[in-house]
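Data file: coords.cif. Format and content: mmCIF, C-alpha atoms.
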```cif
data_final
#
loop_
_atom_site.label_atom_id
_atom_site.label_comp_id
_atom_site.auth_asym_id
_atom_site.auth_seq_id
_atom_site.Cartn_x
_atom_site.Cartn_y
_atom_site.Cartn_z
CA MET A 26 1.62 -26.93 -1.79
CA LYS A 27 3.07 -27.71 1.63
CA LEU A 28 6.78 -28.21 2.22
CA GLN A 29 6.19 -31.85 3.19
CA GLU A 30 4.61 -32.51 -0.21
CA LEU A 31 7.40 -30.67 -2.01
CA LEU A 32 10.05 -32.69 -0.18
CA SER A 33 8.41 -36.03 -0.89
CA LYS A 34 7.74 -35.15 -4.54
CA ASN A 35 11.35 -34.06 -5.13
CA ARG A 36 12.97 -36.69 -2.88
CA ASP A 37 14.99 -38.46 -5.55
CA THR A 38 16.26 -35.25 -7.16
CA ILE A 39 17.24 -33.61 -3.87
CA LEU A 40 18.89 -36.82 -2.64
CA ALA A 41 20.88 -37.17 -5.88
CA ASP A 42 22.06 -33.56 -5.63
CA TRP A 43 22.93 -34.00 -1.95
CA GLU A 44 24.82 -37.21 -2.67
CA ASP A 45 26.81 -35.36 -5.34
CA VAL A 46 27.73 -32.67 -2.81
CA VAL A 47 28.88 -35.21 -0.21
CA LEU A 48 30.76 -37.47 -2.62
CA GLY A 49 32.16 -34.38 -4.37
CA GLU A 50 34.38 -33.90 -1.32
CA TYR A 51 36.51 -36.78 -2.59
CA ALA A 52 38.97 -36.68 -5.48
CA PRO A 53 37.33 -36.64 -8.96
CA GLU A 54 38.39 -40.21 -9.83
CA THR A 55 37.10 -41.45 -6.47
CA PHE A 56 33.83 -39.57 -7.03
CA ARG A 57 33.34 -41.36 -10.37
CA ILE A 58 33.92 -44.76 -8.75
CA PHE A 59 31.49 -43.98 -5.92
CA LYS A 60 28.82 -42.88 -8.40
CA LYS A 61 29.28 -45.76 -10.86
CA GLN A 62 29.71 -48.71 -8.53
CA LYS A 63 26.40 -49.60 -6.85
CA ASN A 64 27.51 -52.87 -5.22
CA LYS A 65 27.70 -52.36 -1.46
CA PHE A 66 30.66 -54.74 -1.14
CA ALA A 67 32.70 -53.21 -3.96
CA ASN A 68 31.82 -49.67 -2.86
CA PRO A 69 31.13 -49.63 0.89
CA ILE A 70 31.75 -45.90 1.37
CA GLY A 71 29.48 -44.92 -1.51
CA HIS A 72 26.82 -47.33 -0.33
CA LYS A 73 26.96 -46.15 3.29
CA THR A 74 26.82 -42.54 2.14
CA THR A 75 23.83 -43.15 -0.13
CA THR A 76 21.83 -45.11 2.44
CA GLY A 77 22.83 -42.77 5.28
CA LEU A 78 21.71 -39.70 3.34
CA ALA A 79 18.43 -41.37 2.35
CA GLU A 80 17.62 -42.24 5.96
CA LEU A 81 18.67 -38.80 7.15
CA TYR A 82 16.51 -37.13 4.49
CA ASP A 83 13.50 -39.16 5.60
CA VAL A 84 14.15 -38.22 9.24
CA LEU A 85 14.45 -34.53 8.37
CA CYS A 86 11.27 -34.59 6.29
CA ASP A 87 9.17 -36.36 8.92
CA GLU A 88 8.41 -33.81 11.63
CA ASP A 89 7.07 -36.55 13.91
CA ASP A 90 10.23 -38.66 13.72
CA LYS A 91 12.33 -38.03 16.82
CA GLU A 92 14.96 -40.74 16.18
CA ILE A 93 17.96 -39.23 14.44
CA ALA A 94 20.52 -41.96 14.99
CA THR A 95 19.35 -44.37 12.31
CA PRO A 96 21.60 -47.40 11.67
CA ALA A 97 22.71 -46.26 8.19
CA LEU A 98 23.45 -42.74 9.39
CA VAL A 99 25.56 -44.03 12.27
CA GLU A 100 27.48 -46.24 9.81
CA MET A 101 28.05 -43.24 7.54
CA LEU A 102 29.37 -41.19 10.47
CA LYS A 103 31.65 -44.05 11.49
CA VAL A 104 33.19 -44.01 8.01
CA ARG A 105 33.67 -40.26 8.22
CA ALA A 106 35.24 -40.64 11.70
CA LEU A 107 37.91 -42.91 10.19
CA GLN A 108 38.89 -40.31 7.63
CA PRO A 109 41.55 -37.69 8.35
CA ILE A 110 39.11 -34.77 8.34
CA SER A 111 37.99 -32.30 10.99
CA ALA A 112 34.60 -32.42 12.65
CA THR A 113 33.59 -29.34 10.68
CA GLU A 114 34.45 -31.03 7.40
CA ALA A 115 32.71 -34.22 8.46
CA MET A 116 29.47 -32.48 9.41
CA SER A 117 29.26 -29.67 6.85
CA PHE A 118 27.38 -31.84 4.34
CA LEU A 119 24.27 -31.67 6.52
CA PHE A 120 23.85 -27.93 6.02
CA GLU A 121 23.89 -28.32 2.24
CA ILE A 122 20.38 -29.78 2.45
CA LYS A 123 19.09 -26.34 3.45
CA THR A 124 20.37 -24.85 0.21
CA LEU A 125 18.95 -27.66 -1.90
CA VAL A 126 15.52 -27.42 -0.25
CA ARG A 127 15.52 -23.61 -0.42
CA GLU A 128 16.16 -23.77 -4.16
CA ARG A 129 13.15 -26.08 -4.56
CA CYS A 130 11.02 -23.79 -2.41
CA GLU A 131 11.98 -20.75 -4.47
CA LYS A 132 10.78 -22.51 -7.61
CA GLN A 133 7.41 -23.10 -5.93
CA GLY A 134 7.13 -19.63 -4.41
CA MET A 135 8.99 -19.16 -1.15
CA ASP A 136 6.36 -16.87 0.37
CA LYS A 137 3.93 -19.74 0.84
CA LEU A 138 6.54 -22.10 2.27
CA TYR A 139 8.66 -19.68 4.29
CA LYS A 140 7.44 -20.63 7.79
CA GLU A 141 7.63 -24.34 7.00
CA PHE A 142 11.12 -23.86 5.56
CA LEU A 143 12.25 -22.11 8.76
CA ALA A 144 10.91 -25.02 10.81
CA PHE A 145 12.79 -27.41 8.50
CA CYS A 146 16.01 -25.39 9.06
CA VAL A 147 15.56 -25.61 12.83
CA ARG A 148 15.17 -29.39 12.48
CA VAL A 149 18.38 -29.56 10.42
CA ASP A 150 20.26 -27.56 13.05
CA ALA A 151 19.00 -29.76 15.88
CA THR A 152 19.94 -32.84 13.87
CA ALA A 153 23.43 -31.42 13.30
CA LEU A 154 23.97 -31.15 17.04
CA ALA A 155 22.88 -34.75 17.60
CA MET A 156 25.03 -35.94 14.68
CA PHE A 157 28.02 -34.05 16.03
CA ASP A 158 27.72 -36.03 19.27
CA ILE A 159 27.55 -39.30 17.34
CA PHE A 160 30.54 -38.30 15.19
CA THR A 161 32.69 -37.26 18.15
CA ASN A 162 31.88 -40.52 19.94
CA CYS A 163 32.95 -42.46 16.84
CA LYS A 164 36.13 -40.40 16.53
CA HIS A 165 36.86 -40.96 20.23
CA ARG A 166 36.51 -44.73 19.79
CA VAL A 167 38.91 -44.64 16.84
CA PHE A 168 41.48 -42.80 18.97
CA MET A 169 40.99 -45.24 21.85
CA VAL A 170 41.61 -48.18 19.52
CA ARG A 171 44.75 -46.47 18.26
CA ILE A 172 45.98 -45.79 21.79
CA ASN A 173 45.31 -49.42 22.71
CA GLU A 174 47.32 -50.53 19.66
CA LEU A 175 50.23 -48.38 20.78
CA LYS A 176 50.05 -49.69 24.35
CA THR A 177 49.98 -53.34 23.32
CA GLY A 178 52.50 -53.04 20.52
CA ARG A 179 50.10 -54.18 17.78
CA HIS A 180 50.85 -51.01 15.84
CA ILE A 181 54.11 -52.64 14.77
CA ILE A 182 52.11 -55.15 12.75
CA THR A 183 49.83 -52.60 11.07
CA ASP A 184 51.89 -49.41 10.75
CA ASN A 185 53.82 -48.96 7.54
CA ALA A 186 52.41 -52.20 6.18
CA LYS A 187 50.89 -52.11 2.72
CA CYS A 188 47.53 -53.65 2.03
CA SER A 189 47.13 -55.96 -0.94
CA ALA A 190 45.28 -53.33 -3.00
CA GLN A 191 48.20 -50.92 -2.58
CA LEU A 192 50.68 -53.58 -3.68
CA VAL A 193 48.59 -54.35 -6.78
CA ARG A 194 48.43 -50.63 -7.67
CA GLU A 195 52.20 -50.28 -7.28
CA ASN A 196 52.80 -53.36 -9.45
CA MET A 197 50.50 -51.95 -12.13
CA GLU A 198 52.37 -48.63 -12.08
CA GLU A 199 55.70 -50.44 -12.41
CA ASP A 200 54.41 -52.36 -15.43
CA LYS A 201 53.58 -49.15 -17.29
#
```
As structure tokens, the full file:
Amino acid sequence: MKLQELLSKNRDTILADWEDVVLGEYAPETFRIFKKQKNKFANPIGHKTTTGLAELYDVLCDEDDKEIATPALVEMLKVRALQPISATEAMSFLFEIKTLVRERCEKQGMDKLYKEFLAFCVRVDATALAMFDIFTNCKHRVFMVRINELKTGRHIITDNAKCSAQLVRENMEEDK
């Protein structure tokens, strides 16, 4: 069996495991919400993560595909750029796919798939570099928006203001 066949045959399982790794970075209660809620409007982060990982998986598995910046992946990186995490934390999920694929290869007999697995790892590394550029550009745009808010004084409107969801949560806690 070739690696390409193994990856397509185990696509759903590997994607589910990879999604668990990525969403596992969040708090346990948030993880449960992301996994349960499938509506893209009620769960935009979970939806963007799921679709971004699926597109990225397909790109990594298709050796002929040269386009890394798929729309869903860019959206997923934009979400990660908004979060207060470092670039290392934001990009580390990509390397987890190597472990998940290696585990599948070992079950099939790594000796037969070793060269193909190494080529897959090189593709993951090259993808990581391209994704890092996309992520840093997104992070830069976030900082530029913030600087513009500070220059124009709009930060006064948004800073220290509570969104409606936060107010509802606080009211619920007070009622307890």
Point to revise | Reference answer for the PyMOL selection byres ((chain A and resi 99) around 10), as a ChimeraX atom specification | key: /A:73,77,93-98,100-105,156,159-160,163
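Straight-line separation from CA of Asp136 (chain A) to CA of Leu28 (chain A): 11.5 Å.
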**Request:** For Tyr51 (chain A), please output as a VMD selection string all residues within 12 Å (counting only C-alpha atoms; exclusion window: fewer than 2 positions along the same chain).
**Result:** chain A and resid 44 to 49 53 to 60 70 to 71 105 108 110 114 to 115
- Message: Using only C-alpha atoms, can you tell me which of A:Thr124, A:Asn196, A:Thr161, A:Gln133 comes closest to Ile39 (chain A)?
- Response: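 Smallest distance to Ile39 (chain A) is found for A:Thr124.
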| Within 12 Å of Phe120 (chain A) using only C-alpha atoms, minus same-chain residues under 4 positions, as a list in words | Trp43, Val46, Val47, Tyr82, Leu85, Thr113, Glu114, Ala115, Met116, Thr124, Leu125, Val126, Arg127, Phe145, Cys146, Val147, Arg148, Val149, Asp150, Ala151, Thr152, Ala153, Leu154 and Met156 of chain A
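Between CA of Glu30 (chain A) and CA of Lys137 (chain A) lies a distance of 12.8 Å.
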**Request:** Might you spell out which residues the PyMOL selection byres ((chain A and resi 33) around 12) would select in the displayed file, as number ranges by chain?
**Result:** A: 26-32, 34-40, 79, 82-87, 126, 129
Next on the checklist: Between CA of Arg171 (chain A) and CA of Ala106 (chain A), what is the distance in Å, rounded to a tenth?
Outcome noted: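 Taking CA of Arg171 (chain A) and CA of Ala106 (chain A), their separation equals 12.9 Å.
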Lys91 (chain A) proximity check over A:Cys130, A:Thr74, A:Ala155, A:Asn173, using all atoms listed in the file: winner is A:Ala155
Could you check the closest approach to Thr75 (chain A) for each of A:Lys61, A:Leu107, A:Ala41, A:Val167 and tell me which residue wins, using all atoms listed in the file?
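Among the listed residues, the smallest separation from Thr75 (chain A) belongs to A:Ala41.
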